[in-house]
$ cat final-v2.pdb   # PDB, C-alpha atoms and all ligand atoms
MODEL        1
ATOM      1  CA  MET K  10      16.927  -8.414   5.546
ATOM      2  CA  ARG K  11      14.979  -5.189   5.738
ATOM      3  CA  LYS K  12      12.405  -5.025   8.541
ATOM      4  CA  ILE K  13       9.069  -3.635   7.459
ATOM      5  CA  ILE K  14       5.571  -3.096   8.829
ATOM      6  CA  ILE K  15       2.783  -2.836   6.263
ATOM      7  CA  ASP K  16      -0.399  -0.859   6.949
ATOM      8  CA  THR K  17      -2.998  -1.952   4.413
ATOM      9  CA  ASP K  18      -6.657  -1.969   3.284
ATOM     10  CA  PRO K  19      -6.966  -5.105   1.121
ATOM     11  CA  GLY K  20      -8.024  -4.454  -1.635
ATOM     12  CA  ILE K  21      -6.885  -6.381  -4.696
ATOM     13  CA  ASP K  22      -3.648  -4.518  -5.464
ATOM     14  CA  ASP K  23      -2.945  -4.627  -1.693
ATOM     15  CA  ALA K  24      -3.358  -8.423  -1.814
ATOM     16  CA  ALA K  25      -0.840  -8.600  -4.650
ATOM     17  CA  ALA K  26       1.631  -6.324  -2.805
ATOM     18  CA  LEU K  27       1.261  -8.416   0.384
ATOM     19  CA  THR K  28       1.764 -11.614  -1.601
ATOM     20  CA  ILE K  29       5.128 -10.418  -2.862
ATOM     21  CA  ALA K  30       6.267  -8.822   0.424
ATOM     22  CA  LEU K  31       5.372 -11.812   2.625
ATOM     23  CA  ASN K  32       7.232 -14.233   0.403
ATOM     24  CA  ASN K  33      10.358 -12.316  -0.559
ATOM     25  CA  LEU K  34      13.326 -13.447   1.530
ATOM     26  CA  GLU K  35      14.979 -10.014   1.503
ATOM     27  CA  LEU K  36      12.102  -8.537   3.498
ATOM     28  CA  LYS K  37      11.104  -9.373   7.045
ATOM     29  CA  VAL K  38       7.457  -8.368   7.475
ATOM     30  CA  GLU K  39       7.364  -7.726  11.228
ATOM     31  CA  MET K  40       3.620  -7.173  11.333
ATOM     32  CA  LEU K  41       0.612  -6.081   9.317
ATOM     33  CA  SER K  42      -2.035  -3.596  10.355
ATOM     34  CA  THR K  43      -5.355  -2.822   8.751
ATOM     35  CA  VAL K  44      -7.253   0.384   8.161
ATOM     36  CA  ALA K  45     -10.610   1.334   6.653
ATOM     37  CA  GLY K  46     -10.047   2.199   2.998
ATOM     38  CA  ASN K  47     -11.049   0.245  -0.072
ATOM     39  CA  VAL K  48     -13.716  -1.409   2.105
ATOM     40  CA  ASN K  49     -14.639  -1.147   5.777
ATOM     41  CA  LEU K  50     -12.259  -2.184   8.554
ATOM     42  CA  ASP K  51     -13.939  -5.525   9.242
ATOM     43  CA  TYR K  52     -13.540  -6.552   5.620
ATOM     44  CA  THR K  53      -9.949  -5.259   5.283
ATOM     45  CA  THR K  54      -9.005  -7.149   8.454
ATOM     46  CA  GLU K  55     -10.661 -10.396   7.316
ATOM     47  CA  ASN K  56      -8.935 -10.023   3.955
ATOM     48  CA  ALA K  57      -5.514  -9.568   5.558
ATOM     49  CA  LYS K  58      -6.147 -12.719   7.629
ATOM     50  CA  LYS K  59      -7.042 -14.647   4.491
ATOM     51  CA  ILE K  60      -3.835 -13.670   2.718
ATOM     52  CA  LEU K  61      -1.764 -14.641   5.778
ATOM     53  CA  ASP K  62      -3.620 -17.987   6.009
ATOM     54  CA  PHE K  63      -3.167 -18.627   2.288
ATOM     55  CA  PHE K  64       0.617 -18.392   2.667
ATOM     56  CA  GLU K  65       0.647 -20.034   6.140
ATOM     57  CA  LYS K  66       2.441 -17.038   7.670
ATOM     58  CA  ASP K  67       2.438 -16.334  11.403
ATOM     59  CA  THR K  68       2.974 -12.584  10.860
ATOM     60  CA  PRO K  69       1.208 -10.662  13.686
ATOM     61  CA  LEU K  70      -1.837  -8.686  12.561
ATOM     62  CA  ALA K  71      -3.398  -5.676  14.307
ATOM     63  CA  LYS K  72      -6.687  -3.985  13.523
ATOM     64  CA  GLY K  73      -6.565  -0.213  13.273
ATOM     65  CA  ASN K  74      -9.016   2.619  12.768
ATOM     66  CA  SER K  75     -12.482   2.154  11.340
ATOM     67  CA  LEU K  76     -12.864   5.845  10.456
ATOM     68  CA  PRO K  77     -10.676   8.664   9.167
ATOM     69  CA  ILE K  78      -9.520  11.235  11.739
ATOM     70  CA  LEU K  79     -12.036  13.942  10.810
ATOM     71  CA  ARG K  80     -13.751  13.244   7.533
ATOM     72  CA  GLU K  81     -16.663  10.969   6.796
ATOM     73  CA  TYR K  82     -15.520   7.610   5.480
ATOM     74  CA  GLU K  83     -16.019   6.698   1.781
ATOM     75  CA  ASP K  84     -14.967   3.322   0.400
ATOM     76  CA  ALA K  85     -13.767   2.152  -3.054
ATOM     77  CA  SER K  86     -15.846  -1.024  -3.357
ATOM     78  CA  GLN K  87     -16.699  -0.049  -6.942
ATOM     79  CA  PHE K  88     -13.098  -1.018  -7.866
ATOM     80  CA  HIS K  89     -12.419  -3.891  -5.452
ATOM     81  CA  GLY K  90     -15.877  -5.492  -5.036
ATOM     82  CA  GLU K  91     -18.140  -5.450  -1.995
ATOM     83  CA  THR K  92     -15.777  -7.443   0.276
ATOM     84  CA  GLY K  93     -12.574  -5.902  -1.122
ATOM     85  CA  MET K  94     -11.222  -9.213  -2.404
ATOM     86  CA  ASN K  95     -14.083 -10.596  -4.446
ATOM     87  CA  GLY K  96     -13.174 -13.281  -6.959
ATOM     88  CA  PHE K  97     -11.412 -15.990  -4.969
ATOM     89  CA  ASP K  98     -13.041 -18.367  -2.523
ATOM     90  CA  PHE K  99     -10.770 -18.057   0.531
ATOM     91  CA  PRO K 100     -11.718 -20.237   3.524
ATOM     92  CA  GLU K 101     -12.976 -18.397   6.634
ATOM     93  CA  SER K 102     -10.098 -17.558   8.967
ATOM     94  CA  SER K 103      -9.876 -18.364  12.670
ATOM     95  CA  ARG K 104      -6.639 -16.399  13.079
ATOM     96  CA  LYS K 105      -6.354 -14.257  16.233
ATOM     97  CA  LEU K 106      -5.546 -10.571  16.077
ATOM     98  CA  LEU K 107      -3.087  -8.739  18.293
ATOM     99  CA  PRO K 108      -5.147  -7.423  21.217
ATOM    100  CA  LYS K 109      -4.687  -3.657  20.877
ATOM    101  CA  HIS K 110      -5.301  -0.934  18.298
ATOM    102  CA  ALA K 111      -2.794  -0.918  15.430
ATOM    103  CA  ALA K 112      -1.188   2.360  16.585
ATOM    104  CA  VAL K 113      -0.365   0.763  19.968
ATOM    105  CA  GLU K 114       0.805  -2.538  18.477
ATOM    106  CA  ILE K 115       3.009  -0.825  15.877
ATOM    107  CA  LYS K 116       4.546   1.304  18.639
ATOM    108  CA  ASN K 117       5.219  -1.795  20.766
ATOM    109  CA  ARG K 118       6.761  -3.650  17.863
ATOM    110  CA  ILE K 119       8.999  -0.745  16.825
ATOM    111  CA  LEU K 120      10.226  -0.078  20.353
ATOM    112  CA  ALA K 121      10.831  -3.777  21.089
ATOM    113  CA  GLY K 122      13.534  -4.208  18.428
ATOM    114  CA  GLU K 123      17.092  -2.911  18.193
ATOM    115  CA  GLU K 124      16.987  -2.152  14.497
ATOM    116  CA  LYS K 125      15.111   0.553  12.654
ATOM    117  CA  VAL K 126      11.895  -0.386  10.870
ATOM    118  CA  THR K 127      10.476   0.841   7.550
ATOM    119  CA  LEU K 128       6.739   1.574   7.497
ATOM    120  CA  VAL K 129       4.967   0.810   4.234
ATOM    121  CA  THR K 130       1.498   2.321   3.849
ATOM    122  CA  ILE K 131      -0.773   1.147   1.038
ATOM    123  CA  GLY K 132      -4.053   2.493   2.393
ATOM    124  CA  PRO K 133      -5.234   5.727   4.030
ATOM    125  CA  LEU K 134      -2.722   7.098   6.553
ATOM    126  CA  THR K 135      -4.999   7.152   9.619
ATOM    127  CA  ASN K 136      -3.148   4.536  11.705
ATOM    128  CA  VAL K 137       0.291   5.957  11.012
ATOM    129  CA  ALA K 138      -0.817   9.535  11.789
ATOM    130  CA  LEU K 139      -2.215   8.313  15.118
ATOM    131  CA  LEU K 140       0.990   6.381  15.813
ATOM    132  CA  LEU K 141       3.198   9.424  15.220
ATOM    133  CA  SER K 142       1.061  11.800  17.236
ATOM    134  CA  MET K 143       0.420   9.424  20.168
ATOM    135  CA  TYR K 144       3.920   7.959  20.353
ATOM    136  CA  PRO K 145       6.497  10.396  18.898
ATOM    137  CA  GLU K 146       9.178   8.352  20.685
ATOM    138  CA  VAL K 147       8.993   5.856  17.790
ATOM    139  CA  LYS K 148      10.345   8.396  15.303
ATOM    140  CA  PRO K 149      14.080   7.720  15.823
ATOM    141  CA  LYS K 150      13.386   4.013  15.201
ATOM    142  CA  ILE K 151      11.690   4.597  11.829
ATOM    143  CA  GLU K 152      14.039   4.278   8.871
ATOM    144  CA  GLU K 153      11.637   5.545   6.233
ATOM    145  CA  ILE K 154       7.919   5.710   5.474
ATOM    146  CA  VAL K 155       7.076   4.401   1.998
ATOM    147  CA  ILE K 156       3.641   5.559   0.889
ATOM    148  CA  MET K 157       1.313   4.728  -1.984
ATOM    149  CA  GLY K 158      -0.794   7.840  -2.228
ATOM    150  CA  GLY K 159      -1.304  11.237  -3.794
ATOM    151  CA  SER K 160      -1.071  12.505  -7.308
ATOM    152  CA  THR K 161       0.582  15.213  -9.367
ATOM    153  CA  ILE K 162      -1.341  14.312 -12.557
ATOM    154  CA  GLY K 163      -5.003  14.534 -11.495
ATOM    155  CA  GLY K 164      -7.066  12.282  -9.276
ATOM    156  CA  ASN K 165      -8.851   8.953  -9.345
ATOM    157  CA  THR K 166     -11.694  10.033  -7.012
ATOM    158  CA  ASN K 167     -12.376  13.400  -8.638
ATOM    159  CA  THR K 168     -10.361  15.720 -10.866
ATOM    160  CA  SER K 169      -7.485  16.044  -8.405
ATOM    161  CA  ALA K 170      -7.485  13.722  -5.358
ATOM    162  CA  GLU K 171      -6.037  10.209  -5.155
ATOM    163  CA  PHE K 172      -8.069   7.726  -3.052
ATOM    164  CA  ASN K 173      -5.711   6.954  -0.114
ATOM    165  CA  ILE K 174      -5.129  10.643   0.567
ATOM    166  CA  LYS K 175      -8.742  11.652  -0.101
ATOM    167  CA  VAL K 176     -10.072   9.203   2.514
ATOM    168  CA  ASP K 177      -8.012  10.830   5.268
ATOM    169  CA  PRO K 178      -6.271  14.027   4.151
ATOM    170  CA  HIS K 179      -5.626  15.194   7.721
ATOM    171  CA  ALA K 180      -3.737  11.986   8.445
ATOM    172  CA  ALA K 181      -1.761  12.349   5.203
ATOM    173  CA  GLN K 182      -0.814  15.918   6.070
ATOM    174  CA  MET K 183       0.413  14.819   9.519
ATOM    175  CA  VAL K 184       2.531  11.980   8.142
ATOM    176  CA  ILE K 185       4.007  13.881   5.192
ATOM    177  CA  ASN K 186       5.025  16.731   7.507
ATOM    178  CA  SER K 187       6.344  14.455  10.266
ATOM    179  CA  GLY K 188       9.970  15.261   9.464
ATOM    180  CA  LEU K 189      10.691  11.573   8.796
ATOM    181  CA  PRO K 190      12.128  10.390   5.458
ATOM    182  CA  ILE K 191       9.070   9.949   3.216
ATOM    183  CA  THR K 192       9.134   8.185  -0.156
ATOM    184  CA  ILE K 193       5.838   8.533  -1.978
ATOM    185  CA  PHE K 194       4.369   6.789  -5.026
ATOM    186  CA  GLY K 195       1.483   8.728  -6.527
ATOM    187  CA  LEU K 196      -0.646   8.190  -9.599
ATOM    188  CA  ARG K 197       2.001   9.696 -11.914
ATOM    189  CA  VAL K 198       3.876   6.430 -11.521
ATOM    190  CA  THR K 199       1.355   3.907 -10.178
ATOM    191  CA  THR K 200      -1.091   4.344 -13.074
ATOM    192  CA  ARG K 201       1.800   3.198 -15.264
ATOM    193  CA  ALA K 202       2.540   0.128 -13.099
ATOM    194  CA  LEU K 203       0.421  -2.069 -15.348
ATOM    195  CA  LEU K 204      -0.323  -5.709 -15.950
ATOM    196  CA  THR K 205      -2.053  -6.518 -19.230
ATOM    197  CA  ARG K 206      -4.323  -9.426 -20.089
ATOM    198  CA  THR K 207      -1.331 -11.297 -21.527
ATOM    199  CA  ASP K 208       0.534 -10.768 -18.234
ATOM    200  CA  ILE K 209      -2.301 -11.972 -16.056
ATOM    201  CA  GLU K 210      -2.847 -15.019 -18.279
ATOM    202  CA  LYS K 211       0.811 -15.801 -17.492
ATOM    203  CA  VAL K 212       0.116 -15.199 -13.783
ATOM    204  CA  LYS K 213      -2.617 -17.835 -13.924
ATOM    205  CA  SER K 214      -0.123 -20.484 -14.970
ATOM    206  CA  LEU K 215       2.312 -19.603 -12.157
ATOM    207  CA  GLY K 216       1.062 -22.092  -9.561
ATOM    208  CA  ARG K 217      -1.351 -21.830  -6.642
ATOM    209  CA  ALA K 218      -0.592 -18.179  -5.769
ATOM    210  CA  GLY K 219      -0.784 -17.248  -9.445
ATOM    211  CA  GLU K 220      -4.244 -18.801  -9.697
ATOM    212  CA  MET K 221      -5.408 -16.902  -6.608
ATOM    213  CA  LEU K 222      -4.095 -13.575  -7.944
ATOM    214  CA  TYR K 223      -5.561 -14.284 -11.380
ATOM    215  CA  SER K 224      -9.010 -14.778  -9.820
ATOM    216  CA  LEU K 225      -8.710 -11.478  -7.932
ATOM    217  CA  PHE K 226      -7.327  -9.575 -10.925
ATOM    218  CA  THR K 227     -10.230 -10.631 -13.135
ATOM    219  CA  HIS K 228     -12.583  -9.017 -10.578
ATOM    220  CA  TYR K 229     -10.530  -5.820 -10.154
ATOM    221  CA  ARG K 230     -11.783  -2.639 -11.787
ATOM    222  CA  GLY K 231      -8.616  -0.585 -11.273
ATOM    223  CA  GLY K 232      -7.872  -0.043 -14.947
ATOM    224  CA  ASP K 233      -8.975  -1.874 -18.052
ATOM    225  CA  LEU K 234      -7.614  -5.323 -18.734
ATOM    226  CA  ASP K 235      -8.200  -5.129 -22.487
ATOM    227  CA  GLN K 236      -6.914  -1.587 -22.961
ATOM    228  CA  ALA K 237      -3.928  -0.193 -21.052
ATOM    229  CA  GLY K 238      -3.952  -2.846 -18.291
ATOM    230  CA  LEU K 239      -4.650  -3.162 -14.560
ATOM    231  CA  MET K 240      -2.987  -0.656 -12.226
ATOM    232  CA  MET K 241      -0.838  -2.287  -9.553
ATOM    233  CA  HIS K 242      -0.583   0.881  -7.427
ATOM    234  CA  ASP K 243       0.404  -0.741  -4.138
ATOM    235  CA  ILE K 244       3.017  -3.114  -5.556
ATOM    236  CA  CYS K 245       5.176  -0.066  -6.394
ATOM    237  CA  THR K 246       6.071   0.370  -2.698
ATOM    238  CA  ILE K 247       7.349  -3.202  -2.371
ATOM    239  CA  CYS K 248       9.101  -3.064  -5.736
ATOM    240  CA  TYR K 249      10.933   0.069  -4.540
ATOM    241  CA  LEU K 250      12.250  -1.715  -1.442
ATOM    242  CA  LEU K 251      13.694  -4.498  -3.574
ATOM    243  CA  LYS K 252      14.450  -2.862  -6.939
ATOM    244  CA  PRO K 253      14.659   0.909  -6.432
ATOM    245  CA  GLU K 254      16.425   1.307  -9.793
ATOM    246  CA  ILE K 255      13.083   0.696 -11.549
ATOM    247  CA  PHE K 256      12.003   4.217 -10.470
ATOM    248  CA  LYS K 257      13.312   7.774 -10.666
ATOM    249  CA  PHE K 258      12.697  10.234  -7.868
ATOM    250  CA  GLN K 259      12.655  13.934  -7.140
ATOM    251  CA  GLU K 260      12.982  15.503  -3.709
ATOM    252  CA  THR K 261      10.264  18.100  -3.373
ATOM    253  CA  GLN K 262       7.870  19.951  -1.096
ATOM    254  CA  MET K 263       4.414  18.362  -1.033
ATOM    255  CA  GLU K 264       1.276  19.844   0.468
ATOM    256  CA  VAL K 265      -2.089  18.219   1.120
ATOM    257  CA  ALA K 266      -5.357  20.153   0.866
ATOM    258  CA  VAL K 267      -7.578  19.154   3.783
ATOM    259  CA  GLU K 268     -10.703  21.301   3.386
ATOM    260  CA  GLY K 269     -13.364  22.016   0.785
ATOM    261  CA  PRO K 270     -13.665  20.579  -2.704
ATOM    262  CA  ALA K 271      -9.871  20.187  -3.038
ATOM    263  CA  ALA K 272      -9.614  18.004   0.096
ATOM    264  CA  GLY K 273      -7.237  15.116  -0.553
ATOM    265  CA  THR K 274      -5.418  16.894  -3.378
ATOM    266  CA  THR K 275      -1.630  16.801  -3.193
ATOM    267  CA  VAL K 276       0.477  19.553  -4.740
ATOM    268  CA  ALA K 277       4.218  19.193  -5.301
ATOM    269  CA  ASP K 278       6.523  22.152  -5.890
ATOM    270  CA  LEU K 279       8.428  20.223  -8.562
ATOM    271  CA  ALA K 280       9.954  23.304 -10.149
ATOM    272  CA  GLY K 281      11.135  24.537  -6.740
ATOM    273  CA  ARG K 282       9.447  27.901  -7.328
ATOM    274  CA  TYR K 283       7.946  28.444  -3.908
ATOM    275  CA  THR K 284      10.320  27.026  -1.368
ATOM    276  CA  ALA K 285      13.646  25.295  -1.030
ATOM    277  CA  ALA K 286      12.249  23.088   1.738
ATOM    278  CA  LYS K 287      11.627  19.451   0.825
ATOM    279  CA  ASN K 288       9.499  16.996   2.773
ATOM    280  CA  VAL K 289       9.189  14.019   0.397
ATOM    281  CA  LYS K 290      11.059  11.941  -2.159
ATOM    282  CA  LEU K 291       8.469  11.651  -4.921
ATOM    283  CA  ALA K 292       8.552   8.881  -7.540
ATOM    284  CA  VAL K 293       8.422  10.569 -10.949
ATOM    285  CA  GLU K 294       9.254   7.773 -13.399
ATOM    286  CA  ILE K 295       8.869   4.012 -13.691
ATOM    287  CA  ASP K 296      10.483   1.590 -16.131
ATOM    288  CA  GLN K 297       7.275  -0.202 -17.118
ATOM    289  CA  LYS K 298       8.880  -3.229 -18.719
ATOM    290  CA  GLN K 299      11.235  -3.868 -15.821
ATOM    291  CA  PHE K 300       8.340  -3.467 -13.391
ATOM    292  CA  ARG K 301       6.164  -5.974 -15.228
ATOM    293  CA  ASP K 302       9.014  -8.487 -15.606
ATOM    294  CA  TRP K 303       9.860  -8.152 -11.906
ATOM    295  CA  VAL K 304       6.251  -8.708 -10.788
ATOM    296  CA  LEU K 305       5.926 -11.818 -12.945
ATOM    297  CA  ALA K 306       9.284 -13.150 -11.717
ATOM    298  CA  GLU K 307       8.285 -12.623  -8.067
ATOM    299  CA  ILE K 308       4.956 -14.393  -8.537
ATOM    300  CA  SER K 309       6.542 -17.273 -10.450
ATOM    301  CA  GLN K 310       8.747 -18.077  -7.425
ATOM    302  CA  LEU K 311       5.793 -18.563  -5.091
ATOM    303  CA  LYS K 312       4.588 -21.918  -3.859
TER     304      LYS K 312
HETATM  305  C1  LIG M   1      -5.009   3.278  -4.003
HETATM  306  O1  LIG M   1      -6.394   3.207  -3.654
HETATM  307  C2  LIG M   1      -6.785   1.873  -3.519
HETATM  308  O2  LIG M   1      -7.979   1.641  -4.209
HETATM  309  C3  LIG M   1      -5.653   1.013  -4.010
HETATM  310  O3  LIG M   1      -5.562  -0.174  -3.213
HETATM  311  C4  LIG M   1      -4.439   1.884  -3.820
HETATM  312  O4  LIG M   1      -3.901   1.759  -2.525
HETATM  313  C5  LIG M   1      -4.900   3.840  -5.417
HETATM  314  O5  LIG M   1      -5.451   5.123  -5.476
HETATM  315 CA    CA M   2      -4.520  -0.041  -1.016
ENDMDL
END
$ encode --input "final-v2.pdb" --output "structure tokens"
Amino acid sequence: MRKIIIDTDPGIDDAAALTIALNNLELKVEMLSTVAGNVNLDYTTENAKKILDFFEKDTPLAKGNSLPILREYEDASQFHGETGMNGFDFPESSRKLLPKHAAVEIKNRILAGEEKVTLVTIGPLTNVALLLSMYPEVKPKIEEIVIMGGSTIGGNTNTSAEFNIKVDPHAAQMVINSGLPITIFGLRVTTRALLTRTDIEKVKSLGRAGEMLYSLFTHYRGGDLDQAGLMMHDICTICYLLKPEIFKFQETQMEVAVEGPAAGTTVADLAGRYTAAKNVKLAVEIDQKQFRDWVLAEISQLK
């Protein structure tokens, strides 16, 4: 069983990624942490609680940063709705949070165990950047950091920047250049990780969890249900942990622009023209049919 910690900003595709990760028996989700991203930190934290309650999981949950390290915060409620998970009527949660900031709680959790832990980040990288700069002693205990973020095909916030990196480019730069093994899923691949209307109609018939996801998906504006499909960006990270053969990768050097109009833009030296140094393993291809079949199979197993 692979031990993972997921840092998230639910978020509808986050909710779907968490649904699969929390219920797959090959993954042990050691804890979740929340960050401001798709919506503000209070909403992302309440949403994470609701998903944990829905599946009756006792996974520890820590609240992280409400603001990016330097930049002003901008949300993505135009895609995910005002609360981040509009569309399904989850009961209010009375779940208790871990007492300290996510960076402290992740550090404690990593250092408490014998085995290495994989960090999965499906929101802005603020918490993980703080973790690595405040507690560099965790680094030898981190197996890999698996990131949804960045783009080498143009942006989804402006012409070049992907949302998770744009929200906190300074944090992204710190994490990507941390020297740890980084696997990164940008828009080149995640915009092709699609579920169509036919797929989500199938999801609806896949039991209680399927109905919940169906309600969220019909309120999600990340893509077009009746054209190409809905983009399941964040699920790519979990799919990689369980079925890496669905993707192809290239080791490359990635840089993050942090200032001016290009802030949040990622550039990858894919042709190796500028340097031989490599700091990330970048996903460059996805088998769309296998991805879709795998997502539907995972959801169909849920209770
Ligand atoms: C990323 O931004 C968010 O809106 C999604 O949840 C995903 O993590 C895609 O750019
Ligand atoms: Ca997300």
$ atom_distance --input "final-v2.pdb" --atom1 "atom CA of K:Asp233" --atom2 "atom CA of K:Thr205"
8.4 Å
$ residues_around --input "final-v2.pdb" --residues "stretch 266-275 of chain K" --least-positions-apart "3" --cutoff "9 Å" --atoms "only C-alpha atoms" --output "ChimeraX atom specification"
/K:159-161,163-164,169-179,181-182,263
$ closest_residue --input "final-v2.pdb" --among "K:Met221, K:Ala45, K:Leu128, K:Met143" --to "ligand LIG 1 (chain M)" --atoms "only C-alpha atoms and all ligand atoms"
K:Ala45
$ atom_distance --input "final-v2.pdb" --atom1 "atom CA of K:Tyr144" --atom2 "atom CA of K:Val38"
21.1 Å
$ closest_atom_pairs --input "final-v2.pdb" --of "chain K" --to "ligand LIG 1 (chain M)" --cutoff "6 Å" --atoms "all atoms listed in the file" --output "Markdown table"
| residue | atom | partner | partner_atom | distance |
| --- | --- | --- | --- | --- |
| K:Gly20 | CA | M:LIG1 | O3 | 5.2 |
| K:Asp22 | CA | M:LIG1 | O3 | 5.3 |
| K:Asp23 | CA | M:LIG1 | O3 | 5.4 |
| K:Asn47 | CA | M:LIG1 | O2 | 5.3 |
| K:Ala85 | CA | M:LIG1 | O2 | 5.9 |
| K:Ile131 | CA | M:LIG1 | O4 | 4.8 |
| K:Gly132 | CA | M:LIG1 | O4 | 5.0 |
| K:Glu171 | CA | M:LIG1 | O5 | 5.1 |
| K:Phe172 | CA | M:LIG1 | O5 | 4.4 |
| K:Asn173 | CA | M:LIG1 | O1 | 5.2 |
| K:His242 | CA | M:LIG1 | C4 | 5.4 |
| K:Asp243 | CA | M:LIG1 | O4 | 5.2 |
$ closest_residue --input "final-v2.pdb" --among "K:Arg201, K:Arg11, K:Lys72, K:His89" --to "K:Leu106" --atoms "all atoms listed in the file"
K:Lys72
